[in-house]
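Peer 1: My structure is stored as work_12.cif, with mmCIF, C-alpha atoms.
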```cif
data_target
#
loop_
_atom_site.label_atom_id
_atom_site.label_comp_id
_atom_site.auth_asym_id
_atom_site.auth_seq_id
_atom_site.Cartn_x
_atom_site.Cartn_y
_atom_site.Cartn_z
CA MET A 1 37.43 -38.30 -0.12
CA VAL A 2 33.72 -38.31 0.66
CA PRO A 3 32.62 -38.86 4.30
CA LYS A 4 29.34 -40.23 5.58
CA VAL A 5 28.29 -40.16 9.24
CA ASN A 6 25.68 -42.32 10.94
CA SER A 7 24.89 -42.89 14.60
CA GLY A 8 22.73 -45.28 16.56
CA ALA A 9 22.17 -47.20 19.76
CA ASN A 10 22.62 -50.75 18.45
CA VAL A 11 26.27 -51.72 18.05
CA TYR A 12 25.39 -55.23 16.88
CA GLY A 13 23.57 -53.95 13.80
CA VAL A 14 26.50 -52.00 12.36
CA LEU A 15 29.01 -54.70 13.29
CA GLN A 16 26.83 -57.37 11.69
CA TYR A 17 26.61 -55.30 8.50
CA ASN A 18 30.40 -55.24 8.23
CA ARG A 19 30.79 -58.87 9.23
CA ILE A 20 28.46 -59.89 6.38
CA LYS A 21 30.83 -58.14 3.99
CA VAL A 22 33.86 -59.84 5.52
CA GLU A 23 32.36 -63.33 5.45
CA ALA A 24 31.19 -62.83 1.84
CA GLY A 25 34.77 -62.01 0.80
CA GLU A 26 33.77 -58.43 -0.04
CA GLY A 27 35.66 -56.78 2.82
CA ARG A 28 38.30 -57.25 5.48
CA ILE A 29 39.60 -55.61 8.63
CA LEU A 30 42.36 -53.06 8.12
CA TYR A 31 42.99 -51.97 11.70
CA MET A 32 41.61 -52.25 15.23
CA GLN A 33 42.40 -49.96 18.14
CA GLY A 34 41.53 -50.76 21.75
CA ILE A 35 39.96 -54.09 20.80
CA PRO A 36 41.68 -57.37 21.68
CA GLU A 37 42.58 -59.51 18.68
CA ARG A 38 41.74 -63.20 18.60
CA SER A 39 44.51 -65.74 18.27
CA ASP A 40 42.99 -67.15 15.07
CA GLY A 41 42.75 -63.65 13.53
CA ARG A 42 38.99 -63.90 12.95
CA PHE A 43 36.59 -61.04 13.56
CA SER A 44 34.41 -61.41 16.65
CA ILE A 45 31.28 -59.30 17.10
CA GLU A 46 31.10 -60.30 20.76
CA GLU A 47 34.61 -59.06 21.60
CA CYS A 48 34.09 -55.79 19.69
CA ALA A 49 30.77 -55.21 21.42
CA GLU A 50 32.35 -55.96 24.79
CA ALA A 51 35.12 -53.42 24.17
CA PHE A 52 32.59 -50.78 23.09
CA GLY A 53 30.22 -51.71 25.92
CA TYR A 54 32.81 -50.84 28.56
CA TYR A 55 32.77 -47.23 27.35
CA THR A 56 29.03 -46.86 26.72
CA ALA A 57 28.25 -48.22 30.20
CA LEU A 58 30.12 -45.24 31.69
CA ASN A 59 27.40 -42.87 30.45
CA PRO A 60 24.07 -44.59 29.83
CA ARG A 61 22.37 -41.20 29.28
CA VAL A 62 23.84 -40.99 25.76
CA ARG A 63 20.96 -42.18 23.55
CA LYS A 64 23.02 -42.92 20.43
CA PRO A 65 26.54 -43.81 21.53
CA VAL A 66 27.58 -45.75 18.39
CA VAL A 67 29.12 -43.81 15.49
CA HIS A 68 29.70 -45.22 12.00
CA PHE A 69 31.89 -43.34 9.52
CA SER A 70 32.18 -44.17 5.83
CA LEU A 71 35.25 -42.78 4.02
CA ASN A 72 35.21 -42.93 0.23
CA PRO A 73 38.43 -41.96 -1.60
CA SER A 74 38.27 -41.14 -5.30
CA PRO A 75 38.68 -44.16 -7.63
CA GLU A 76 41.58 -42.24 -9.18
CA ASP A 77 43.51 -42.42 -5.90
CA ARG A 78 45.50 -45.65 -5.97
CA LEU A 79 46.13 -46.15 -2.26
CA SER A 80 47.80 -49.06 -0.51
CA GLU A 81 46.31 -50.63 2.60
CA ALA A 82 48.96 -48.90 4.71
CA GLN A 83 47.99 -45.52 3.24
CA LEU A 84 44.28 -46.21 3.79
CA THR A 85 44.96 -47.18 7.39
CA ARG A 86 46.94 -43.99 7.97
CA LEU A 87 44.15 -41.89 6.46
CA ALA A 88 41.57 -43.53 8.71
CA ALA A 89 43.75 -43.01 11.82
CA GLU A 90 44.35 -39.35 10.93
CA PHE A 91 40.64 -38.83 10.32
CA MET A 92 39.67 -40.34 13.69
CA GLU A 93 42.32 -38.30 15.51
CA ARG A 94 41.12 -34.99 14.05
CA MET A 95 37.47 -35.85 14.67
CA GLY A 96 38.21 -36.37 18.38
CA TYR A 97 38.16 -40.17 18.39
CA GLY A 98 41.93 -40.75 18.48
CA ARG A 99 41.87 -42.36 21.94
CA GLN A 100 38.64 -44.31 21.39
CA PRO A 101 38.31 -48.00 20.54
CA TYR A 102 37.47 -48.39 16.88
CA VAL A 103 37.70 -50.86 14.02
CA VAL A 104 38.42 -50.00 10.37
CA PHE A 105 36.87 -52.17 7.64
CA LEU A 106 37.91 -52.06 3.98
CA HIS A 107 35.03 -52.80 1.58
CA GLU A 108 35.86 -53.99 -1.93
CA ASP A 109 32.40 -55.00 -3.14
CA ILE A 110 32.45 -52.27 -5.81
CA ALA A 111 35.12 -50.75 -8.04
CA ARG A 112 35.57 -47.86 -5.59
CA ARG A 113 37.26 -49.18 -2.48
CA HIS A 114 36.06 -47.46 0.67
CA MET A 115 36.41 -47.71 4.43
CA HIS A 116 33.93 -48.07 7.27
CA VAL A 117 34.99 -47.07 10.78
CA VAL A 118 32.94 -48.02 13.85
CA SER A 119 33.49 -46.42 17.27
CA VAL A 120 31.66 -45.00 20.31
CA ARG A 121 30.95 -41.44 21.48
CA VAL A 122 31.71 -41.96 25.18
CA ASP A 123 35.33 -41.61 26.31
CA GLU A 124 37.13 -43.47 29.10
CA GLN A 125 36.05 -40.80 31.62
CA GLY A 126 32.37 -41.22 30.74
CA ARG A 127 32.21 -37.91 28.89
CA LYS A 128 30.29 -37.62 25.65
CA ILE A 129 32.42 -36.75 22.62
CA ASP A 130 31.15 -33.64 20.83
CA HIS A 131 29.11 -34.57 17.77
CA ASN A 132 27.74 -31.14 16.85
CA ASN A 133 28.07 -30.42 13.11
CA GLU A 134 29.86 -33.74 12.80
CA LEU A 135 29.23 -34.14 9.07
CA ARG A 136 30.51 -30.64 8.31
CA ARG A 137 33.59 -31.24 10.42
CA ALA A 138 34.13 -34.58 8.69
CA MET A 139 34.01 -32.88 5.29
CA ALA A 140 36.49 -30.24 6.48
CA VAL A 141 38.86 -32.92 7.75
CA CYS A 142 38.63 -34.75 4.42
CA ARG A 143 39.53 -31.55 2.56
CA GLU A 144 42.60 -31.17 4.82
CA LEU A 145 43.70 -34.76 4.22
CA GLU A 146 43.21 -34.42 0.47
CA HIS A 147 45.48 -31.37 0.46
CA GLU A 148 48.15 -32.97 2.68
CA TYR A 149 48.26 -36.33 0.88
CA GLY A 150 47.70 -35.03 -2.65
CA LEU A 151 44.34 -36.79 -3.12
CA HIS A 152 41.68 -35.94 -5.69
CA VAL A 153 38.99 -33.52 -4.54
CA PRO A 154 35.43 -34.66 -5.42
CA GLU A 155 33.83 -32.44 -8.07
CA ASP A 156 30.44 -32.42 -6.31
CA GLY A 157 31.93 -30.93 -3.16
CA GLY A 158 31.90 -34.17 -1.20
CA VAL A 159 28.32 -35.37 -1.66
CA GLN A 160 28.18 -39.13 -1.71
CA ALA A 161 26.95 -40.73 -4.92
CA GLU A 162 24.24 -43.32 -5.38
CA PRO A 163 25.28 -46.60 -3.70
CA GLU A 164 26.67 -48.65 -6.59
CA GLU A 165 26.85 -51.94 -4.71
CA LEU A 166 23.09 -52.41 -4.48
CA HIS A 167 21.34 -54.78 -6.86
CA ARG A 168 17.75 -55.91 -7.17
CA VAL A 169 16.91 -58.67 -4.70
CA ASP A 170 16.63 -62.08 -6.39
CA TYR A 171 14.40 -64.45 -4.40
CA ARG A 172 15.72 -67.42 -6.37
CA ARG A 173 19.17 -67.10 -4.81
CA SER A 174 19.98 -68.91 -1.58
CA ASP A 175 21.34 -65.80 0.19
CA LEU A 176 17.97 -64.06 0.38
CA LYS A 177 18.38 -62.74 3.92
CA HIS A 178 21.86 -61.44 3.10
CA GLN A 179 20.49 -59.55 0.07
CA LEU A 180 17.59 -58.15 2.08
CA ARG A 181 19.81 -57.00 4.93
CA ASN A 182 22.25 -55.36 2.55
CA VAL A 183 19.57 -53.40 0.67
CA VAL A 184 17.56 -52.27 3.71
CA MET A 185 20.58 -51.32 5.83
CA THR A 186 22.29 -49.42 3.02
CA LEU A 187 19.16 -47.46 2.05
CA LYS A 188 18.40 -46.56 5.67
CA GLN A 189 21.93 -45.29 6.12
CA GLN A 190 22.12 -43.48 2.78
CA TYR A 191 18.72 -41.76 2.57
CA GLY A 192 16.34 -39.69 4.65
CA PHE A 193 12.59 -40.36 4.55
CA GLN A 194 9.67 -39.58 6.84
CA SER A 195 7.03 -42.19 6.06
CA LEU A 196 6.61 -45.84 5.17
CA ALA A 197 5.41 -44.80 1.71
CA GLU A 198 8.62 -42.88 1.03
CA PHE A 199 10.68 -45.81 2.32
CA ASN A 200 8.77 -48.21 0.06
CA THR A 201 9.45 -46.01 -2.96
CA LEU A 202 13.14 -46.64 -2.34
CA LEU A 203 12.73 -50.35 -1.64
CA GLU A 204 10.67 -50.99 -4.78
CA ARG A 205 13.63 -49.97 -6.93
CA TYR A 206 15.44 -53.01 -5.53
CA GLY A 207 12.56 -55.48 -5.58
CA LEU A 208 11.38 -55.11 -1.98
CA ALA A 209 8.38 -53.75 -0.08
CA ALA A 210 7.87 -53.21 3.64
CA GLU A 211 4.48 -53.71 5.28
CA GLU A 212 3.34 -52.68 8.71
CA ILE A 213 1.41 -55.34 10.63
CA ARG A 214 -0.88 -54.61 13.53
CA GLY A 215 -2.57 -56.74 16.09
CA ASP A 216 -3.84 -56.94 19.62
CA VAL A 217 -2.19 -58.90 22.41
CA ARG A 218 -4.10 -59.05 25.70
CA GLY A 219 -5.78 -55.74 24.92
CA ARG A 220 -2.58 -53.92 23.96
CA PRO A 221 -1.73 -52.84 20.39
CA TYR A 222 1.07 -54.70 18.62
CA ARG A 223 3.01 -53.21 15.68
CA GLY A 224 5.59 -54.98 13.58
CA LEU A 225 7.14 -55.03 10.13
CA VAL A 226 7.52 -57.64 7.40
CA TYR A 227 9.41 -57.43 4.10
CA HIS A 228 8.13 -58.78 0.78
CA VAL A 229 10.18 -59.65 -2.31
CA LEU A 230 8.69 -58.32 -5.56
CA ASP A 231 8.90 -59.72 -9.08
CA ASP A 232 9.62 -57.68 -12.20
CA ASP A 233 5.97 -56.58 -12.36
CA GLY A 234 6.01 -55.29 -8.78
CA GLN A 235 3.91 -58.18 -7.45
CA ARG A 236 4.73 -60.06 -4.29
CA THR A 237 6.50 -63.36 -4.77
CA GLY A 238 7.53 -66.00 -2.29
CA ALA A 239 6.94 -65.34 1.38
CA ALA A 240 7.34 -62.39 3.68
CA VAL A 241 10.33 -62.11 6.02
CA LYS A 242 9.66 -60.89 9.55
CA ALA A 243 11.84 -58.00 10.60
CA SER A 244 12.47 -59.71 13.95
CA ARG A 245 14.40 -62.41 12.07
CA LEU A 246 16.80 -59.82 10.75
CA GLY A 247 17.44 -57.82 13.93
CA ASP A 248 16.27 -54.72 15.78
CA PHE A 249 17.71 -52.40 13.12
CA PHE A 250 15.17 -53.67 10.59
CA GLY A 251 12.06 -53.47 12.80
CA TRP A 252 9.23 -50.99 13.14
CA LYS A 253 10.65 -49.20 16.19
CA ALA A 254 13.94 -48.52 14.43
CA LEU A 255 12.04 -47.31 11.36
CA GLU A 256 10.05 -44.83 13.45
CA GLU A 257 13.32 -43.53 14.90
CA LYS A 258 14.58 -43.08 11.35
CA PHE A 259 11.46 -41.04 10.48
CA ASP A 260 12.06 -38.75 13.47
CA ALA A 261 15.77 -38.35 12.68
CA SER A 262 14.96 -37.38 9.07
CA LYS A 263 12.46 -34.77 10.24
CA GLN A 264 14.98 -33.29 12.65
CA ARG A 265 17.62 -33.13 9.94
CA LEU A 266 15.32 -31.26 7.56
CA ARG A 267 14.48 -28.77 10.31
CA GLN A 268 18.19 -28.23 10.79
CA TYR A 269 18.93 -27.95 7.04
CA PRO A 270 15.79 -26.51 5.36
CA GLU A 271 17.85 -25.63 2.27
CA THR A 272 17.66 -29.32 1.33
CA LEU A 273 13.99 -28.88 0.44
CA ASP A 274 14.75 -25.71 -1.51
CA ARG A 275 17.27 -27.52 -3.70
CA THR A 276 14.73 -30.17 -4.70
CA ARG A 277 11.99 -27.59 -5.35
CA ARG A 278 14.36 -25.51 -7.47
CA GLU A 279 15.28 -28.44 -9.72
CA ILE A 280 11.62 -29.44 -10.15
CA ASP A 281 10.66 -25.88 -11.08
CA ARG A 282 13.49 -25.71 -13.60
CA ALA A 283 12.46 -28.99 -15.23
CA ARG A 284 8.80 -27.95 -15.29
CA SER A 285 9.43 -24.60 -16.96
CA GLY A 286 8.75 -24.35 -20.68
CA GLY A 287 5.67 -26.60 -20.72
CA ARG A 288 7.53 -29.86 -21.19
CA ASP A 289 5.67 -33.15 -21.37
CA ARG A 290 6.01 -35.89 -18.78
CA GLU A 291 8.84 -37.77 -20.49
CA ALA A 292 10.96 -34.65 -20.97
CA PHE A 293 10.23 -33.54 -17.41
CA THR A 294 11.35 -36.82 -15.81
CA ALA A 295 14.39 -37.07 -18.12
CA GLU A 296 15.66 -33.60 -17.17
CA LEU A 297 15.07 -34.28 -13.50
CA ARG A 298 17.05 -37.51 -13.79
CA GLU A 299 19.97 -35.66 -15.35
CA ASN A 300 19.96 -33.32 -12.35
CA GLY A 301 20.02 -36.18 -9.83
CA ILE A 302 16.29 -36.53 -9.02
CA ASP A 303 14.06 -39.49 -9.84
CA ALA A 304 10.31 -38.83 -10.10
CA VAL A 305 8.06 -41.80 -9.31
CA PHE A 306 4.43 -41.37 -10.36
CA ARG A 307 1.65 -43.70 -9.19
CA GLU A 308 -1.51 -44.08 -11.30
CA ASN A 309 -4.80 -45.90 -10.92
CA ASP A 310 -6.35 -48.15 -13.56
CA ALA A 311 -7.92 -45.13 -15.27
CA GLY A 312 -4.51 -43.52 -15.74
CA ARG A 313 -5.07 -40.83 -13.13
CA ILE A 314 -2.02 -39.78 -11.11
CA TYR A 315 -2.81 -40.21 -7.42
CA GLY A 316 0.73 -40.01 -5.98
CA VAL A 317 4.20 -38.71 -6.77
CA THR A 318 7.48 -39.16 -4.92
CA PHE A 319 10.84 -37.51 -5.62
CA ILE A 320 14.13 -39.26 -4.83
CA ASP A 321 16.92 -36.70 -4.67
CA ARG A 322 20.17 -38.59 -5.26
CA THR A 323 22.24 -35.49 -4.54
CA THR A 324 20.92 -34.65 -1.09
CA HIS A 325 19.90 -38.28 -0.46
CA GLN A 326 16.36 -37.37 0.57
CA VAL A 327 12.98 -38.83 -0.42
CA PHE A 328 9.91 -36.59 -0.52
CA ASN A 329 6.28 -37.22 -1.29
CA GLY A 330 5.18 -34.37 -3.55
CA SER A 331 2.79 -32.88 -1.01
CA ARG A 332 5.65 -32.55 1.48
CA LEU A 333 7.27 -30.02 -0.85
CA GLY A 334 4.08 -28.01 -1.23
CA LYS A 335 0.67 -28.03 -2.91
CA GLU A 336 2.13 -27.15 -6.31
CA TYR A 337 4.29 -30.30 -6.17
CA ALA A 338 1.50 -32.68 -5.16
CA ALA A 339 -0.12 -35.33 -7.35
CA ASP A 340 -3.12 -33.17 -8.32
CA ALA A 341 -0.84 -30.48 -9.73
CA PHE A 342 0.90 -32.95 -12.04
CA GLU A 343 -2.38 -34.62 -12.96
CA ALA A 344 -3.72 -31.24 -14.07
CA TRP A 345 -0.50 -30.47 -15.95
CA PHE A 346 0.05 -33.79 -17.75
CA ASN A 347 -3.55 -34.86 -18.32
CA GLY A 348 -5.28 -31.46 -18.38
CA ARG A 349 -7.71 -32.30 -15.56
CA GLU A 350 -8.98 -29.87 -12.96
CA GLN A 351 -7.54 -30.09 -9.48
CA GLU A 352 -10.07 -31.38 -6.99
CA SER A 353 -9.49 -29.40 -3.85
CA SER A 354 -12.50 -30.87 -2.07
CA THR A 355 -11.44 -34.51 -2.40
CA PRO A 356 -7.66 -34.58 -2.80
CA MET A 357 -6.11 -37.82 -3.98
CA PRO A 358 -3.94 -39.60 -1.40
CA GLU A 359 -0.23 -38.93 -1.61
CA GLU A 360 0.79 -42.06 0.26
CA LEU A 361 1.00 -45.46 -1.34
CA ARG A 362 -2.26 -47.36 -1.22
CA PRO A 363 -2.21 -48.91 2.25
CA LEU A 364 -2.01 -52.64 2.54
CA PRO A 365 -4.66 -54.23 4.75
CA PRO A 366 -3.31 -54.55 8.30
CA LEU A 367 -2.87 -57.98 9.78
CA GLU A 368 -5.37 -58.56 12.57
CA PRO A 369 -5.39 -61.58 14.87
CA PRO A 370 -8.54 -63.74 14.91
CA LEU A 371 -11.20 -62.75 17.40
CA PRO A 372 -11.52 -62.77 20.35
CA GLY A 373 -7.83 -61.84 20.32
CA LEU A 374 -4.68 -63.74 21.12
CA SER A 375 -3.50 -64.22 24.66
CA SER A 376 0.26 -63.96 24.13
CA VAL A 377 2.91 -62.52 21.85
CA GLU A 378 4.07 -66.05 21.07
CA GLU A 379 0.63 -66.96 19.71
CA PHE A 380 0.55 -63.77 17.66
CA GLU A 381 4.01 -64.56 16.22
CA GLU A 382 2.83 -68.10 15.40
CA TYR A 383 -0.22 -66.64 13.63
CA ILE A 384 2.04 -64.38 11.54
CA GLU A 385 4.32 -67.32 10.81
CA THR A 386 1.40 -69.45 9.63
CA HIS A 387 -0.52 -66.88 7.57
CA TYR A 388 2.17 -64.46 6.40
CA VAL A 389 5.50 -66.24 6.46
CA SER A 390 4.84 -69.68 5.03
CA MET A 391 6.68 -71.00 2.02
CA PRO A 392 6.60 -74.52 0.58
CA GLY A 393 9.50 -76.56 -0.72
CA VAL A 394 12.97 -75.20 -1.16
CA MET A 395 12.06 -71.57 -0.43
CA GLY A 396 10.75 -72.67 2.95
CA GLU A 397 14.19 -73.96 3.82
CA LEU A 398 15.73 -70.63 2.83
CA MET A 399 13.57 -68.91 5.43
CA GLU A 400 14.70 -71.19 8.24
CA TYR A 401 16.68 -68.99 10.59
CA THR A 402 19.01 -70.03 13.34
CA PRO A 403 19.82 -66.66 14.93
CA GLU A 404 23.06 -66.07 16.70
CA LYS A 405 22.94 -64.83 20.24
CA GLU A 406 23.30 -61.18 19.35
CA TRP A 407 20.26 -61.20 17.07
CA GLU A 408 17.89 -62.56 19.75
CA THR A 409 17.05 -59.01 20.78
CA ALA A 410 13.87 -58.35 18.83
CA PRO A 411 11.48 -56.30 20.98
CA GLU A 412 8.55 -58.44 19.84
CA TYR A 413 9.73 -61.23 22.12
CA ARG A 414 9.67 -59.17 25.26
CA LEU A 415 6.87 -56.68 24.77
CA PHE A 416 4.38 -57.54 27.46
CA PRO A 417 5.88 -59.48 30.37
CA ARG A 418 3.29 -60.89 32.70
CA ARG A 419 3.24 -59.04 35.99
CA LYS A 420 2.50 -60.73 39.25
CA LYS A 421 -0.24 -59.17 41.32
CA ARG A 422 0.80 -58.15 44.77
CA ARG A 423 -1.49 -59.44 47.45
CA ARG A 424 -2.50 -57.07 50.18
CA LYS A 425 -1.86 -58.36 53.63
CA ILE A 426 -4.88 -58.13 55.87
CA ARG A 427 -4.11 -57.96 59.56
CA LYS A 428 -6.58 -59.50 61.89
CA ARG A 429 -7.62 -57.40 64.79
CA ILE A 430 -7.34 -59.08 68.12
#
```
Take the structure in the file and write it out as structure tokens.

Peer 2:
Amino acid sequence: MVPKVNSGANVYGVLQYNRIKVEAGEGRILYMQGIPERSDGRFSIEECAEAFGYYTALNPRVRKPVVHFSLNPSPEDRLSEAQLTRLAAEFMERMGYGRQPYVVFLHEDIARRHMHVVSVRVDEQGRKIDHNNELRRAMAVCRELEHEYGLHVPEDGGVQAEPEELHRVDYRRSDLKHQLRNVVMTLKQQYGFQSLAEFNTLLERYGLAAEEIRGDVRGRPYRGLVYHVLDDDGQRTGAAVKASRLGDFFGWKALEEKFDASKQRLRQYPETLDRTRREIDRARSGGRDREAFTAELRENGIDAVFRENDAGRIYGVTFIDRTTHQVFNGSRLGKEYAADAFEAWFNGREQESSTPMPEELRPLPPLEPPLPGLSSVEEFEEYIETHYVSMPGVMGELMEYTPEKEWETAPEYRLFPRRKKRRRKIRKRI
């Protein structure tokens, strides 16, 4: 049984992810503890969030109080729902969450049935539950449960495989936002990356691209994020979708937090970089050509993505390690793994140390509001809507969004509240 651990501050995001699966008929609730059940048996985000909120309010100093476990039994283990529920309860008990409120979801969107468990890291006394080495402890607990229940032990030692449920986004389908949410949320939870370029390398495999937008509102910088759907040739098609329409989890602020978390994780586990370097060195030995090099890397769980200009010169390379679930621009691994090194190897050109080629993706032109600047965030949003997020005909209707209450939390709508100036009282001397 393979575990996966994620944490965050936004309980609505992870609950919404699971509710999408439930409403699409791809999942259902197995068990809820400490959460009141509705009389009609339906899942309520509001009631779950209220139950979790009681605990998190006891210790507001905890920055990431929400924990999200994914438990993936082997496809060879034919388990009933009762057995899956018992495994989830045992897992939560041994991880220190036995007395916490939590909800267990069963996902059946792929051949391998798996569970998602959502809980909080603050107990009923306001104390933070220990989360040190949580992934290692989760793997140890899974090994214990496999031994006790006679389950199959994963051959790769418990490393989660490539997410099978993801498919390329099809802009012609009516559930465009559902597809976009599913791809972005799954990739953010599955992989580590430290830049927008590395994130886009992942997204492009599923027909998406993320673009940072910048502007100026009353003299203050504004930063946001929009998502584009790509056609088979990698060109934009249709209209962009603003991250604020999808929720806080999909916005620029959450993406920056993801960058920081990935950097911290690599500092904690530097051997992750060594594994990727070792496999690249092994594939590069023997003077192989580009096709043989990429094929051997792929067999060892690493995808190499090369970017070339019109003249055929390699100006960027990114490695997607599907074993460690990390994405690295070549230069992040070292000078010998950067684009110039592979350009010199494959095409026999000299490395240009004085003017190195950029490792990042070619930056898209930032969105700037018309001069002399916009006076409010609402006007800036309207400008984005008009120039970036317009779509005629049927596709325009697909972009119409009627957000539920929990999704009206995008920071763009409350960035710069107008402050009232305090008037100084002047006392008249008599």

Peer 1: Write out as a ChimeraX atom specification each polymer residue whose atoms come within 10 Å of stretch 165-172 of chain A, counting all atoms listed in the file; drop sequence neighbours fewer than 4 positions from it.

Peer 2: /A:108-112,176-180,182-184,186-187,203-208,228-232,237-239,394-395,398

Peer 1: Print the selection's residues with C-alpha atoms to a file, as an mmCIF file, in the coordinates of the input.

Peer 2:
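Once everything was written out, this is selection-v7.cif:
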```cif
data_model
loop_
_atom_site.group_PDB
_atom_site.id
_atom_site.type_symbol
_atom_site.label_atom_id
_atom_site.label_comp_id
_atom_site.auth_asym_id
_atom_site.auth_seq_id
_atom_site.Cartn_x
_atom_site.Cartn_y
_atom_site.Cartn_z
ATOM 1 C CA GLU A 108 35.860 -53.990 -1.930
ATOM 2 C CA ASP A 109 32.400 -55.000 -3.140
ATOM 3 C CA ILE A 110 32.450 -52.270 -5.810
ATOM 4 C CA ALA A 111 35.120 -50.750 -8.040
ATOM 5 C CA ARG A 112 35.570 -47.860 -5.590
ATOM 6 C CA LEU A 176 17.970 -64.060 0.380
ATOM 7 C CA LYS A 177 18.380 -62.740 3.920
ATOM 8 C CA HIS A 178 21.860 -61.440 3.100
ATOM 9 C CA GLN A 179 20.490 -59.550 0.070
ATOM 10 C CA LEU A 180 17.590 -58.150 2.080
ATOM 11 C CA ASN A 182 22.250 -55.360 2.550
ATOM 12 C CA VAL A 183 19.570 -53.400 0.670
ATOM 13 C CA VAL A 184 17.560 -52.270 3.710
ATOM 14 C CA THR A 186 22.290 -49.420 3.020
ATOM 15 C CA LEU A 187 19.160 -47.460 2.050
ATOM 16 C CA LEU A 203 12.730 -50.350 -1.640
ATOM 17 C CA GLU A 204 10.670 -50.990 -4.780
ATOM 18 C CA ARG A 205 13.630 -49.970 -6.930
ATOM 19 C CA TYR A 206 15.440 -53.010 -5.530
ATOM 20 C CA GLY A 207 12.560 -55.480 -5.580
ATOM 21 C CA LEU A 208 11.380 -55.110 -1.980
ATOM 22 C CA HIS A 228 8.130 -58.780 0.780
ATOM 23 C CA VAL A 229 10.180 -59.650 -2.310
ATOM 24 C CA LEU A 230 8.690 -58.320 -5.560
ATOM 25 C CA ASP A 231 8.900 -59.720 -9.080
ATOM 26 C CA ASP A 232 9.620 -57.680 -12.200
ATOM 27 C CA THR A 237 6.500 -63.360 -4.770
ATOM 28 C CA GLY A 238 7.530 -66.000 -2.290
ATOM 29 C CA ALA A 239 6.940 -65.340 1.380
ATOM 30 C CA VAL A 394 12.970 -75.200 -1.160
ATOM 31 C CA MET A 395 12.060 -71.570 -0.430
ATOM 32 C CA LEU A 398 15.730 -70.630 2.830
#
```

Peer 1: Using all atoms listed in the file, which of the listed residues (A:Ala88, A:Glu81, A:Ala57, A:Cys142) sits closest to A:Glu124?

Peer 2: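 Counting all atoms listed in the file, the residue closest to A:Glu124 is A:Ala57.
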
Peer 1: One decimal, Å: what's the distance from atom CA of A:Lys258 over to atom CA of A:Gln125, could you say?

Peer 2: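 Going from atom CA of A:Lys258 over to atom CA of A:Gln125 covers 29.6 Å.
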
Peer 1: Could you give me, as a compact mmCIF listing (two decimals) with C-alpha atoms, in the coordinates of the input, the residues within 12 Å of A:Tyr269, counting all atoms listed in the file and dropping anything in the same chain fewer than 4 positions from it?

Peer 2:
```txt
# COMPACT_ATOMS: atom_id res chain seq x y z
CA ASN A 133 28.07 -30.42 13.11
CA ARG A 136 30.51 -30.64 8.31
CA SER A 262 14.96 -37.38 9.07
CA LYS A 263 12.46 -34.77 10.24
CA GLN A 264 14.98 -33.29 12.65
CA ARG A 265 17.62 -33.13 9.94
CA LEU A 273 13.99 -28.88 0.44
CA ASP A 274 14.75 -25.71 -1.51
CA ARG A 275 17.27 -27.52 -3.70
CA THR A 324 20.92 -34.65 -1.09
CA GLN A 326 16.36 -37.37 0.57
```

Peer 1: Quick check, in Å to one decimal: how far apart do atom CA of A:His114 and atom CA of A:Asn300 lie?

Peer 2: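 Going from atom CA of A:His114 over to atom CA of A:Asn300, I get 25.1 Å.
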